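Here is the file work-v2.tsv (TSV, C-alpha atoms).
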chain	number	residue	atom	x	y	z
A	1	THR	CA	32.27	18.01	18.77
A	2	VAL	CA	35.21	19.11	16.67
A	3	HIS	CA	35.13	22.87	16.34
A	4	GLU	CA	35.31	24.52	12.92
A	5	SER	CA	38.92	25.64	13.34
A	6	ARG	CA	40.31	22.21	13.98
A	7	ILE	CA	41.98	20.21	11.27
A	8	SER	CA	39.64	17.70	9.67
A	9	PRO	CA	40.25	14.77	9.46
A	10	PRO	CA	42.39	14.38	12.63
A	11	ALA	CA	46.09	14.58	11.89
A	12	ALA	CA	46.97	11.02	12.86
A	13	SER	CA	43.88	9.29	11.51
A	14	PHE	CA	46.07	7.23	9.18
A	15	ILE	CA	47.12	5.04	12.05
A	16	SER	CA	45.09	3.26	14.69
A	17	ARG	CA	45.94	4.25	18.21
A	18	SER	CA	47.89	1.75	20.21
A	19	ARG	CA	46.41	0.07	23.28
A	20	HIS	CA	48.86	1.82	25.55
A	21	PRO	CA	47.52	4.92	27.32
A	22	PRO	CA	49.08	8.10	25.88
A	23	ASN	CA	51.75	9.90	27.85
A	24	MET	CA	50.92	13.53	27.10
A	25	SER	CA	53.77	14.82	29.28
A	26	GLU	CA	56.24	13.80	26.58
A	27	GLN	CA	55.27	14.94	23.11
A	28	ILE	CA	57.13	15.37	19.86
A	29	HIS	CA	56.25	16.92	16.52
A	30	ALA	CA	56.85	14.99	13.30
A	31	ARG	CA	55.88	14.60	9.68
A	32	HIS	CA	56.01	11.55	7.47
A	33	ILE	CA	55.55	10.04	4.05
A	34	LEU	CA	53.47	6.86	3.97
A	35	ILE	CA	53.55	4.48	1.01
A	36	LYS	CA	50.90	1.78	1.24
A	37	HIS	CA	51.07	-1.62	-0.45
A	38	ALA	CA	48.76	-4.56	-1.12
A	39	GLY	CA	49.59	-6.02	2.30
A	40	SER	CA	48.72	-2.86	4.23
A	41	ARG	CA	45.98	-3.11	6.81
A	42	ARG	CA	43.82	-0.89	4.58
A	43	PRO	CA	45.24	-1.02	1.02
A	44	SER	CA	43.51	2.12	-0.23
A	45	SER	CA	44.08	5.84	0.12
A	46	PHE	CA	42.68	9.17	-1.00
A	47	ARG	CA	44.89	8.73	-4.09
A	48	ALA	CA	43.78	5.24	-5.10
A	49	GLU	CA	40.80	3.09	-4.20
A	50	HIS	CA	42.73	-0.16	-4.62
A	51	ILE	CA	46.49	-0.25	-4.02
A	52	THR	CA	48.17	-3.18	-5.77
A	53	ARG	CA	51.89	-2.39	-5.45
A	54	THR	CA	53.94	-4.94	-3.55
A	55	LYS	CA	55.72	-4.17	-0.31
A	56	ASP	CA	59.09	-4.30	-2.08
A	57	GLU	CA	57.83	-1.80	-4.65
A	58	ALA	CA	56.61	0.49	-1.87
A	59	ILE	CA	60.00	0.31	-0.14
A	60	ALA	CA	61.80	1.05	-3.42
A	61	THR	CA	59.60	4.11	-3.97
A	62	LEU	CA	60.25	5.32	-0.45
A	63	GLU	CA	64.00	4.77	-0.74
A	64	GLY	CA	63.99	6.91	-3.88
A	65	LEU	CA	62.17	9.69	-2.05
A	66	ARG	CA	64.52	9.43	0.92
A	67	ALA	CA	67.53	9.74	-1.40
A	68	GLN	CA	66.08	13.01	-2.71
A	69	LEU	CA	65.70	14.28	0.85
A	70	LEU	CA	69.33	13.46	1.66
A	71	ALA	CA	70.69	14.91	-1.59
A	72	SER	CA	72.53	18.22	-1.79
A	73	PRO	CA	70.54	20.40	-2.09
A	74	PRO	CA	67.77	18.35	-0.46
A	75	ALA	CA	64.29	18.09	-1.85
A	76	SER	CA	61.42	19.59	0.14
A	77	PHE	CA	59.95	17.02	2.54
A	78	SER	CA	56.56	18.74	2.50
A	79	ALA	CA	56.50	18.83	-1.31
A	80	LEU	CA	57.35	15.13	-1.60
A	81	ALA	CA	54.74	14.25	1.04
A	82	ALA	CA	52.13	16.29	-0.80
A	83	ALA	CA	52.95	14.56	-4.08
A	84	HIS	CA	53.43	10.95	-2.92
A	85	SER	CA	52.17	10.15	0.60
A	86	ASP	CA	49.14	7.88	0.98
A	87	CYS	CA	48.26	9.52	4.32
A	88	SER	CA	45.68	12.30	4.38
A	89	SER	CA	48.34	14.39	6.15
A	90	ALA	CA	49.86	14.80	2.65
A	91	LYS	CA	47.57	17.81	2.33
A	92	ARG	CA	49.60	19.39	5.16
A	93	GLY	CA	52.99	18.34	3.81
A	94	GLY	CA	52.92	15.18	5.93
A	95	ASP	CA	52.66	17.13	9.19
A	96	LEU	CA	51.10	15.04	11.97
A	97	GLY	CA	51.29	17.77	14.58
A	98	ALA	CA	52.22	16.87	18.14
A	99	PHE	CA	51.70	13.41	19.64
A	100	GLY	CA	52.78	11.53	22.73
A	101	ARG	CA	53.81	8.01	23.54
A	102	GLY	CA	51.02	5.50	23.19
A	103	GLU	CA	49.24	7.38	20.40
A	104	MET	CA	50.85	5.79	17.33
A	105	GLN	CA	51.60	2.23	16.31
A	106	ARG	CA	54.64	1.08	18.27
A	107	PRO	CA	57.20	0.84	15.40
A	108	PHE	CA	56.26	4.38	14.27
A	109	GLU	CA	56.46	5.73	17.80
A	110	GLU	CA	59.84	4.16	18.53
A	111	ALA	CA	61.36	5.43	15.28
A	112	ALA	CA	59.96	8.95	15.70
A	113	PHE	CA	61.05	9.35	19.33
A	114	ALA	CA	64.56	8.09	18.49
A	115	LEU	CA	65.16	10.89	15.97
A	116	GLU	CA	66.94	14.16	16.58
A	117	VAL	CA	65.16	17.33	15.46
A	118	ARG	CA	65.26	17.58	11.62
A	119	GLU	CA	66.70	14.05	11.33
A	120	ILE	CA	65.06	11.75	8.76
A	121	SER	CA	64.44	8.12	9.61
A	122	GLY	CA	65.16	5.04	7.58
A	123	ILE	CA	62.27	2.92	6.32
A	124	VAL	CA	59.75	2.25	9.10
A	125	ASP	CA	57.37	-0.68	8.67
A	126	THR	CA	53.90	-0.61	10.28
A	127	GLU	CA	50.55	-2.23	9.62
A	128	SER	CA	49.59	0.88	7.64
A	129	GLY	CA	52.48	0.59	5.18
A	130	VAL	CA	56.05	1.85	5.05
A	131	HIS	CA	57.10	5.32	6.17
A	132	ILE	CA	59.92	7.77	6.39
A	133	ILE	CA	59.63	10.19	9.29
A	134	GLN	CA	61.19	13.56	10.03
A	135	ARG	CA	61.14	14.93	13.53
A	136	LEU	CA	60.40	18.63	13.75
A	137	GLU	CA	60.95	21.17	16.50
A	138	ASP	CA	59.28	20.15	19.73
A	139	PRO	CA	55.67	21.32	20.04
A	140	ARG	CA	54.89	24.54	21.77
A	141	ALA	CA	52.98	24.45	25.03
A	142	GLU	CA	49.22	24.35	24.74
A	143	ILE	CA	47.31	27.63	24.83
A	144	ARG	CA	43.67	28.51	25.38
A	145	ALA	CA	41.74	30.84	23.12
A	146	ALA	CA	38.25	31.96	22.18
A	147	HIS	CA	37.13	33.18	18.79
A	148	VAL	CA	34.35	34.73	16.78
A	149	LEU	CA	33.88	33.07	13.38
A	150	ILE	CA	31.99	34.78	10.57
A	151	LYS	CA	31.40	32.47	7.62
A	152	HIS	CA	30.91	33.54	4.04
A	153	ALA	CA	29.79	31.92	0.82
A	154	GLY	CA	33.34	30.77	0.07
A	155	SER	CA	33.83	29.02	3.43
A	156	ARG	CA	34.69	25.32	3.37
A	157	ASN	CA	31.34	24.54	4.97
A	158	PRO	CA	29.10	27.57	4.34
A	159	VAL	CA	26.46	26.56	6.90
A	160	SER	CA	26.13	27.98	10.42
A	161	TRP	CA	24.67	26.30	13.48
A	162	ARG	CA	22.46	29.37	13.74
A	163	ARG	CA	20.61	28.46	10.54
A	164	PRO	CA	21.48	24.83	9.83
A	165	ASP	CA	19.03	24.54	6.94
A	166	GLU	CA	20.40	27.54	5.04
A	167	GLN	CA	23.64	28.24	3.19
A	168	VAL	CA	25.55	31.36	4.16
A	169	THR	CA	25.29	33.79	1.25
A	170	ARG	CA	27.25	36.82	2.48
A	171	GLY	CA	30.40	37.63	0.52
A	172	LYS	CA	33.86	37.52	2.06
A	173	GLU	CA	34.23	41.30	2.20
A	174	GLU	CA	30.81	41.61	3.81
A	175	ALA	CA	31.94	39.09	6.43
A	176	ARG	CA	35.16	41.04	6.97
A	177	ALA	CA	33.29	44.30	7.47
A	178	GLU	CA	30.94	42.65	9.96
A	179	LEU	CA	33.86	41.15	11.90
A	180	LEU	CA	35.78	44.43	11.98
A	181	GLY	CA	32.70	46.09	13.44
A	182	ILE	CA	32.47	43.43	16.14
A	183	ARG	CA	36.18	43.76	16.91
A	184	GLU	CA	35.88	47.52	17.23
A	185	LYS	CA	33.16	47.15	19.87
A	186	VAL	CA	35.16	44.53	21.78
A	187	VAL	CA	38.40	46.55	21.77
A	188	ALA	CA	36.52	49.71	22.80
A	189	GLY	CA	35.03	47.86	25.77
A	190	GLU	CA	31.47	48.23	24.49
A	191	MET	CA	31.01	44.45	24.39
A	192	GLU	CA	32.67	41.51	26.10
A	193	PHE	CA	34.42	39.05	23.80
A	194	GLY	CA	32.30	36.14	25.04
A	195	GLU	CA	29.14	38.17	24.53
A	196	ALA	CA	30.20	38.93	20.95
A	197	ALA	CA	30.88	35.24	20.25
A	198	ALA	CA	27.53	34.17	21.70
A	199	LYS	CA	25.71	36.78	19.67
A	200	PHE	CA	27.49	36.60	16.32
A	201	SER	CA	29.85	33.61	15.92
A	202	ASP	CA	29.06	30.93	13.33
A	203	CYS	CA	31.14	28.36	15.26
A	204	SER	CA	29.28	25.92	17.48
A	205	SER	CA	31.67	26.89	20.30
A	206	ALA	CA	29.49	29.98	20.70
A	207	LYS	CA	26.44	28.00	21.83
A	208	ALA	CA	27.52	27.13	25.36
A	209	ASN	CA	31.11	28.32	25.67
A	210	GLU	CA	31.03	31.91	24.39
A	211	GLY	CA	33.57	31.00	21.72
A	212	ASP	CA	35.99	29.35	24.15
A	213	LEU	CA	37.85	26.55	22.33
A	214	GLY	CA	39.61	25.32	25.45
A	215	PHE	CA	43.27	24.33	25.39
A	216	PHE	CA	44.90	23.20	22.15
A	217	GLY	CA	48.39	22.55	20.91
A	218	GLU	CA	50.43	22.88	17.77
A	219	GLY	CA	49.01	21.05	14.78
A	220	GLN	CA	45.44	20.91	16.09
A	221	MET	CA	44.07	24.00	14.36
A	222	GLN	CA	44.22	25.23	10.81
A	223	LYS	CA	47.63	26.81	10.31
A	224	PRO	CA	46.56	30.49	9.90
A	225	PHE	CA	44.44	30.20	13.05
A	226	GLU	CA	47.21	28.49	15.01
A	227	GLU	CA	49.87	31.03	14.03
A	228	ALA	CA	47.65	33.98	14.90
A	229	ALA	CA	46.60	32.50	18.25
A	230	TYR	CA	50.15	31.65	19.33
A	231	ALA	CA	51.33	35.14	18.38
A	232	LEU	CA	48.91	36.78	20.82
A	233	LYS	CA	49.62	37.76	24.40
A	234	VAL	CA	47.13	36.61	27.04
A	235	GLY	CA	44.14	38.95	26.88
A	236	GLU	CA	45.02	40.31	23.43
A	237	VAL	CA	42.53	40.26	20.55
A	238	SER	CA	43.77	39.49	17.04
A	239	GLY	CA	43.02	41.23	13.81
A	240	VAL	CA	40.98	39.42	11.19
A	241	VAL	CA	42.31	35.90	10.55
A	242	ASP	CA	41.41	34.14	7.31
A	243	SER	CA	41.04	30.33	7.31
A	244	ASP	CA	39.18	27.75	5.25
A	245	SER	CA	36.32	27.97	7.74
A	246	GLY	CA	35.81	31.71	7.32
A	247	LEU	CA	37.08	34.85	9.03
A	248	HIS	CA	37.92	34.99	12.74
A	249	ILE	CA	38.96	37.27	15.51
A	250	ILE	CA	40.75	35.45	18.32
A	251	LYS	CA	41.30	36.27	21.97
A	252	ARG	CA	44.02	34.43	23.83
A	253	LEU	CA	42.80	33.34	27.25
A	254	ALA	CA	45.83	31.45	28.64

Could you write out this file's structure as structure tokens?
Amino acid sequence: TVHESRISPPAASFISRSRHPPNMSEQIHARHILIKHAGSRRPSSFRAEHITRTKDEAIATLEGLRAQLLASPPASFSALAAAHSDCSSAKRGGDLGAFGRGEMQRPFEEAAFALEVREISGIVDTESGVHIIQRLEDPRAEIRAAHVLIKHAGSRNPVSWRRPDEQVTRGKEEARAELLGIREKVVAGEMEFGEAAAKFSDCSSAKANEGDLGFFGEGQMQKPFEEAAYALKVGEVSGVVDSDSGLHIIKRLA
């Protein structure tokens, strides 16, 4: 089960995994802009149900975007991805998070791994369409964390596993006050973090794991959650963290 904090859909869902087993010991972090065409394996995207542009037209579009990225001053890669990419990662500025060898289509993998950090590729042709790729700083090591999630009426999915047939109606400030009260008890030693998650958290991770999300890496969680978790020392409990899923407190476990 994908926990509430994780990015949905998965970051690299635009591309089918290769048949080669992934080598997770060597990972890189990259973002891309994908332009699909009529000959793409799936000639549709969240922008258009039926893509009719030719491959040459797609390449011309991508070359124009690449020229903007190489101009002085350069355009923002994330802004161009958000405005033009046919991959769902456009909503994250094209960021695919971290991936290893054997996870992406071979031409994409080879181009991405050949780049220096911050370098922008030429046109890369895959079954999905044509891409330009920028390699980002190498991913940080995986960490392990637990959390307590309190949803509110404005949450992306305002339904809790605790009452799956009811919508959460509490307001955001009511949720914040509840979470601050829980945090106060945890920090004061009146309640264990896992106990608090099991008793109060609206994330399904509370059911069997006392809020423990296991190990995760960069690009796997919603950005506010990721940044807060990575900023913690082992054993430290965060303040209130606001994400699309609701409000969280996080404890770093490893």

Residue with smallest distance to Ala231 in chain A - pool A:Ile133, A:Ile143, A:Ser121, A:Ser89, counting only C-alpha atoms: A:Ile143

Range 145-156 of chain A: which residues within 9 Å, counting all atoms listed in the file, same-chain residues fewer than 5 positions away excluded, as a ChimeraX atom specification? /A:4-5,167-176,178-179,182,193-194,196-198,200-203,205-206,209-216,229,234,243-254

Report the distance between CA of Glu116 in chain A and CA of Ala71 in chain A in Å, rounded to one decimal place.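 Those two atoms sit 18.6 Å apart.
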
Among listed residues A:Val124, A:Ala177, A:Leu232, A:Val240, nearest Gln105 in chain A (using only C-alpha atoms): A:Val124

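Between Lys36 in chain A and the candidates A:Leu80, A:Ala188, A:Cys87, A:Leu65, the tightest atom-to-atom separation, counting only C-alpha atoms, involves A:Cys87.
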
Excluding same-chain residues fewer than 2 positions from range 44-51 of chain A, what lies within 12 Å of it counting only C-alpha atoms, as a PyMOL selection string? chain A and resi 13-14+34-42+53-55+57-58+82-91+128-129

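As for CA of Glu127 in chain A and CA of Leu70 in chain A, they are spaced 25.7 Å apart.
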
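In this model, the gap between CA of Gln222 in chain A and CA of Glu137 in chain A comes to 18.1 Å.
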
Which is closest to Asp125 in chain A among A:Ile59, A:Leu180, A:Ala67, A:Leu96, if we use all atoms listed in the file?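 When distances to Asp125 in chain A are compared using all atoms listed in the file, the smallest one comes from A:Ile59.
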
Using all atoms listed in the file, which residue out of A:Glu142, A:Arg31, A:Val130, A:Ser76 lies closest to Ala60 in chain A?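 Looking only at the distances to Ala60 in chain A, the closest residue turns out to be A:Val130.
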
Rank nothing, just name the residue among A:Glu184, A:Glu103, A:Glu227, A:Glu218 nearest to Ala141 in chain A, using only C-alpha atoms. A:Glu218

Report, as JSON, the centre and edge lengths in Å (one decimal) of the axis-aligned box enclosing every listed atom of range 38-56 of chain A, padded by 6 Å on each side.
{"center_x": 49.9, "center_y": 1.6, "center_z": 0.5, "size_x": 30.3, "size_y": 27.2, "size_z": 24.6}

Might you pull out every residue within 12 Å of Leu115 in chain A, with only C-alpha atoms counted and same-chain residues fewer than 2 positions away left off, and present them as a tab-separated table (two decimals) with C-alpha atoms, in the coordinates of the input?
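out11.tsv was written with the following content:
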chain	number	residue	atom	x	y	z
A	28	ILE	CA	57.13	15.37	19.86
A	29	HIS	CA	56.25	16.92	16.52
A	30	ALA	CA	56.85	14.99	13.30
A	31	ARG	CA	55.88	14.60	9.68
A	108	PHE	CA	56.26	4.38	14.27
A	109	GLU	CA	56.46	5.73	17.80
A	110	GLU	CA	59.84	4.16	18.53
A	111	ALA	CA	61.36	5.43	15.28
A	112	ALA	CA	59.96	8.95	15.70
A	113	PHE	CA	61.05	9.35	19.33
A	117	VAL	CA	65.16	17.33	15.46
A	118	ARG	CA	65.26	17.58	11.62
A	119	GLU	CA	66.70	14.05	11.33
A	120	ILE	CA	65.06	11.75	8.76
A	121	SER	CA	64.44	8.12	9.61
A	122	GLY	CA	65.16	5.04	7.58
A	132	ILE	CA	59.92	7.77	6.39
A	133	ILE	CA	59.63	10.19	9.29
A	134	GLN	CA	61.19	13.56	10.03
A	135	ARG	CA	61.14	14.93	13.53
A	136	LEU	CA	60.40	18.63	13.75
A	137	GLU	CA	60.95	21.17	16.50
A	138	ASP	CA	59.28	20.15	19.73

Expected file for range 76-107 of chain A keeping N, CA and C atoms, as a CSV table (one decimal), in the first residue's frame:
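To be explicit, this is the file written out as decode33.csv:
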chain,number,residue,atom,x,y,z
A,76,SER,N,13.9,28.7,-16.6
A,76,SER,CA,13.8,27.7,-15.5
A,76,SER,C,13.4,26.4,-16.1
A,77,PHE,N,14.2,25.3,-15.8
A,77,PHE,CA,13.8,24.0,-16.3
A,77,PHE,C,12.5,23.6,-15.7
A,78,SER,N,12.3,23.8,-14.4
A,78,SER,CA,11.0,23.3,-13.7
A,78,SER,C,9.8,24.1,-14.3
A,79,ALA,N,10.0,25.3,-14.6
A,79,ALA,CA,8.9,26.1,-15.2
A,79,ALA,C,8.5,25.6,-16.6
A,80,LEU,N,9.5,25.3,-17.4
A,80,LEU,CA,9.3,24.8,-18.8
A,80,LEU,C,8.7,23.4,-18.7
A,81,ALA,N,9.1,22.6,-17.8
A,81,ALA,CA,8.6,21.2,-17.6
A,81,ALA,C,7.1,21.3,-17.2
A,82,ALA,N,6.8,22.2,-16.3
A,82,ALA,CA,5.4,22.4,-15.8
A,82,ALA,C,4.5,22.8,-16.9
A,83,ALA,N,5.1,23.7,-17.8
A,83,ALA,CA,4.2,24.2,-18.9
A,83,ALA,C,4.1,23.3,-20.1
A,84,HIS,N,5.1,22.5,-20.4
A,84,HIS,CA,5.1,21.8,-21.6
A,84,HIS,C,5.2,20.2,-21.6
A,85,SER,N,5.8,19.7,-20.5
A,85,SER,CA,6.0,18.2,-20.5
A,85,SER,C,4.8,17.4,-20.5
A,86,ASP,N,4.8,16.3,-21.2
A,86,ASP,CA,3.7,15.4,-21.3
A,86,ASP,C,3.8,14.3,-20.2
A,87,CYS,N,4.7,14.4,-19.4
A,87,CYS,CA,4.9,13.4,-18.3
A,87,CYS,C,4.1,14.0,-17.0
A,88,SER,N,3.5,13.1,-16.2
A,88,SER,CA,2.8,13.6,-15.0
A,88,SER,C,3.8,14.3,-14.0
A,89,SER,N,5.1,14.0,-14.2
A,89,SER,CA,6.1,14.7,-13.4
A,89,SER,C,6.2,16.2,-13.6
A,90,ALA,N,5.5,16.6,-14.7
A,90,ALA,CA,5.4,18.1,-14.9
A,90,ALA,C,4.9,18.8,-13.7
A,91,LYS,N,4.0,18.2,-12.9
A,91,LYS,CA,3.5,18.8,-11.8
A,91,LYS,C,4.5,19.0,-10.7
A,92,ARG,N,5.7,18.4,-10.8
A,92,ARG,CA,6.8,18.5,-9.9
A,92,ARG,C,8.0,19.2,-10.6
A,93,GLY,N,7.7,19.9,-11.7
A,93,GLY,CA,8.8,20.5,-12.4
A,93,GLY,C,9.7,19.5,-13.2
A,94,GLY,N,9.1,18.4,-13.5
A,94,GLY,CA,9.8,17.3,-14.2
A,94,GLY,C,10.7,16.4,-13.4
A,95,ASP,N,10.6,16.6,-12.0
A,95,ASP,CA,11.5,15.9,-11.1
A,95,ASP,C,11.0,14.4,-11.0
A,96,LEU,N,12.0,13.5,-11.3
A,96,LEU,CA,11.7,12.1,-11.3
A,96,LEU,C,12.2,11.5,-10.0
A,97,GLY,N,12.8,12.3,-9.1
A,97,GLY,CA,13.4,11.7,-7.9
A,97,GLY,C,14.6,10.9,-8.2
A,98,ALA,N,14.9,10.0,-7.4
A,98,ALA,CA,16.1,9.1,-7.5
A,98,ALA,C,15.7,7.8,-8.2
A,99,PHE,N,16.6,7.3,-9.1
A,99,PHE,CA,16.4,6.0,-9.7
A,99,PHE,C,17.8,5.4,-10.0
A,100,GLY,N,17.7,4.0,-10.1
A,100,GLY,CA,19.0,3.3,-10.4
A,100,GLY,C,19.0,2.7,-11.8
A,101,ARG,N,20.1,2.1,-12.1
A,101,ARG,CA,20.2,1.4,-13.4
A,101,ARG,C,19.1,0.2,-13.4
A,102,GLY,N,18.6,0.1,-14.6
A,102,GLY,CA,17.6,-1.0,-14.8
A,102,GLY,C,16.1,-0.5,-14.5
A,103,GLU,N,15.9,0.7,-14.1
A,103,GLU,CA,14.6,1.2,-13.8
A,103,GLU,C,13.9,1.9,-14.9
A,104,MET,N,14.7,2.5,-15.8
A,104,MET,CA,14.1,3.3,-16.9
A,104,MET,C,14.4,2.6,-18.2
A,105,GLN,N,13.8,3.1,-19.3
A,105,GLN,CA,14.1,2.6,-20.6
A,105,GLN,C,15.6,2.8,-20.9
A,106,ARG,N,16.2,1.9,-21.6
A,106,ARG,CA,17.6,2.0,-21.7
A,106,ARG,C,18.2,3.3,-22.3
A,107,PRO,N,17.6,3.8,-23.4
A,107,PRO,CA,18.1,5.1,-23.9
A,107,PRO,C,18.1,6.2,-22.9
